[in-house]
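Asker: Structure provided below as structure tokens; questions to follow.
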Amino acid sequence: MTDHAYNFAYLDEETKRMIRRAILKAIAVPGYQVPFASREMPMPYGWGTGGVQVTAACLTPGDVLKVIDQGADDTTNAVSIRRFFQRTAGVATTEATTEATLIQTRHRIPETPLTADQILVYQVPIPEPLRFLEPRETETRKMHALEEYGLMHVKLYEDIARHGEIATSYAYPVKVGDRYVMDPSPIPKFDNPKLSDSPAIQLFGAGRESRIYALPPHTRVVSLDFDDHPFTPSKADHACDLCGAAESYLDEVITDDLGSRMFVCSDTDFCRTRREAGQVGRLGGTLEGEAA
Amino acid sequence: MSGPLLQVRNLTKTYGARIGCADVGFDLWPGEVLGIVGESGSGKSTLLSCLAGHQAPDAGEVIFATAEGPRDVLRMTESERRRLSRTDWAYVHQNPRDGLRMGVTAGGNVGERLMAVGARNYGSIRETATDWLGRVEIAADRIDDRPRAFSGGMQQRLQIARNLVTGPRLVFMDEPTGGLDVSVQARLLDLLRGLVRQMGLSVIIVTHDLAVVRLLADRLMVMKSGRVVEQGLTDQVLDDPQHAYTQLLVSSILQV
């Protein structure tokens with residue numbers, strides 16, 4: 001079978017229309033989870049089937065696509081989804097955040113600020129922020145409808161009672177436009193402030209759970225907290241060992257079995273751009289050959 | 001104390017052709033404890049869940065004296081009713097597992113209602129929770145334990161603390177002492193009686209245990225086949241039962 005056997009971006013036009021309707025509704029009601037008829041995709045659940053469907057519905061032939069997996073452009077999830085759209089849509093792809101018009105991401109928001117010309121698509125495993133405290137879907141829907149969000153604070157209370165601080169470090173619940181409580185997908189809470197007032201459109205797709213939700217540009221997004229335990233976006237207390245960036249979110253890499261470790265930017269494009277501009281971190285010089 | 005806290009008129013709930021409860025009416029005054037007794041299947045739990053808004057009755061009125069004046073609870077919007085049920089009302093389930101969040105610590109359980117009405121200061125929530133655990137005789141160092149680690153009696157006391165923490169005016173209790181052994185029952189009753197008097201609570205308590213109503217209730221309603229067959233002051237009903245069923249009920253108690 002040739003690649004031309006597929007419709008542009010894999011999904012048929014009727015399906016894309018259905019998904020676009022859901023997206024429009026999601027944008028009209030920021031933070032509200034819109035059900036949609038999620039399709040079987042040629043990849044397993046948990047690999048971004050929700051994000052892929054949203055991307056397919058938004059993609060046009062002129063788009064430049066970037067795919068991020070945990071900040072990186074070259075890991076399995078990113079490579080497979082990028083190739084998927086290269087084959088089925090034939091769109092241009094890039095690793096540079098600034099060049100992309102549509103970015104599908106898993107677990108990170110790029111360090112480079114987004115612009116009004118960009119769409120950011122998140123892959124979401126569990127869209128319901130209240131799920132682990134209230135297993136009944138009927139009840140959580142009612143709680144959203146009636147704005148009963150006390151339970152979300154019970155979760156944060158439990159964190160402080162057990163760990164002395166709010167230990168939730170990813171998928172940190174936010175309140176959107178003073179109305180809906182939303183799960184921002186498993187991004188680190190370091191990225192939470194970037195959700196708010198972003199000029200880009202942010203779309204969230206959960207394939208297995210058949211939900212789409214969205215943040216229109218310049219929406220106010222507030223991370224939940226207590227008066228005496230305010231929200232703090234946290235990161236490893238280091239600078240990137242490759243590019244020296246002190247303000248980016250870092251991955252910890254174990255380099256041998258003697259306890260040596262290094263911290264590197266999780267956003268590979270951000271790190272490379274800085275190194276190309278001549279910024280060097282603690283170990284940046286020695287690894288020059290590998291990184292290029 | 002201008003009028004009754006709760007006025008119930010002609011409350012009826014049927015399950016198809018079967019009667020859940022029919023034509024129930026009564027007034028509950030502030031600070032009063034009303035007991036509802038009857039055998040299994042007599043409609044007392046149906047009545048309680050209709051009153052508390054867990055089930056929609058087919059006919060009747062439940063008028064509650066809210067802060068803004070008397071309102072028919074059954075004609076409120078759902079959001080108003082749910083707001084009422086976490087502020088002015090409380091519901092103590094027979095099985096503490098239905099009323100508690102078993103995966104959440106004791107402190108979190110007590111704090112939930114506070115957070116639901118907008119408390120956002122961890123320190124003060126915890127302080128209130130500690131205070132309430134003390135009032136229901138749970139040691140303060142158990143605040144970070146989950147209810148699973150508690151005995152049945154402790155779970156029931158925790159459920160009571162969780163319900164009373166926002167200072168409700170009306171408490172519904174469904175067999176609060178069911179499933180507890182007698183000595184634990186006695187302590188729980190003692191505690192309940194103290195709290196009811198201290199806080200001036202109005203209580204509607206459903207039970208089949210006549211000893212419980214004898215100790216707690218000011219007034220008593222006896223139900224049989226979905227209807228109220230007799231009501232009056234507790235001691236009067238128990239000591240001088242008029243209706244044949246009440247006489248049977250009272251004489252069925254084993255004298256130890």
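Residues are referred to by chain and number: the chain letter is A, B, ... according to the order shown in the structure tokens, the number counts from 1 in that chain, and ligands are numbered separately from 1 in the order shown.
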At a cut-off of 6 Å, can you tabulate as a tab-separated table every residue of chain B near chain A together with its closest atom pair and the distance in Å to one decimal, using only C-alpha atoms and ordering rows by chain then number?

Answerer:
```
residue	atom	partner	partner_atom	distance
B:Ser79	CA	A:Leu146	CA	5.9
B:Gly108	CA	A:Val154	CA	5.9
B:Glu112	CA	A:Val154	CA	6.0
B:Met115	CA	A:Gly150	CA	4.9
B:Ala116	CA	A:Gly150	CA	3.8
B:Arg120	CA	A:Phe226	CA	5.0
B:Asn121	CA	A:Asp227	CA	5.0
```

Asker: List the neighbours of stretch 179-190 of chain A out to 7 Å using only C-alpha atoms; skip same-chain residues closer than 2 positions along the sequence, and give me the result as a list in words.

Answerer: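 Listed by chain and then number, they are Gly31, Tyr32, His107, Arg108, Val124, Pro127, Glu128, Pro129, His144, Ser169, Tyr170, Ala171, Tyr172, Pro173, Val174, Lys175, Val176, Gly177, Asn192, Pro233, Ser234 and Lys235 of chain A.
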
Asker: Show me, as an MDAnalysis selection string, the residues that have an atom within 8 Å of A:Thr55 when counting only C-alpha atoms, minus same-chain residues fewer than 6 positions from it.

Answerer: chainID A and resid 102 104 121

Asker: Using DSSP on the backbone coordinates, identify the residues of stretch 16-238 of chain B assigned to helix (DSSP H, G or I); present them as a ChimeraX atom specification.

Answerer: /B:44-51,73-75,78-86,96-99,106-116,122-135,140-142,147-149,152-164,182-199,210-216,234-238

Asker: Nearest to B:Trp29: which of B:Thr130, B:Ser251, B:Gln155, B:Ser202 is it, counting only C-alpha atoms?

Answerer: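 Once distances to B:Trp29 are computed over only C-alpha atoms, the minimum belongs to B:Ser202.
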
Asker: At a cut-off of 7 Å, using only C-alpha atoms, what residues contact B:Leu6? Leave out same-chain residues fewer than 5 positions from it and give the result as a list in words.

Answerer: Asp27, Leu28, Trp29, Val62, Ile63, Phe64 and Ala65 of chain B

Asker: Have a look at B:Val206, B:Ala67, B:Leu254, B:Leu238 and name the one nearest to B:Ser40; count only C-alpha atoms.

Answerer: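 So, comparing all the options, the nearest one is B:Val206.
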
Asker: Tell me, as an MDAnalysis selection string, which residues lie within 8 Å of A:Ser210, counting only C-alpha atoms; anything in the same chain fewer than 6 positions away does not count.

Answerer: chainID A and resid 35:38 50

Asker: Taking into account only C-alpha atoms, which residue in the set B:Arg101, B:His93, B:His54, B:Arg227 is nearest to B:Arg81?

Answerer: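 The closest residue to B:Arg81 is B:His54.
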
Asker: If we count only C-alpha atoms, what is near B:Pro241 at a cut-off of 12 Å, once residues fewer than 6 positions away on the same chain are taken out, given as a PyMOL selection string?

Answerer: chain B and resi 220-222+229-235+247-251

Asker: What residues in stretch 59-178 of chain B get the DSSP label strand (DSSP E)? Please answer as a PyMOL selection string.

Answerer: chain B and resi 59-66+69-72+89-92+170-174

Asker: Here is a test: counting only C-alpha atoms, which residue of B:Leu100, B:Val165, B:Met223, B:Val213 is nearest to B:Gly20?

Answerer: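 Of all the options, B:Met223 lies closest to B:Gly20.
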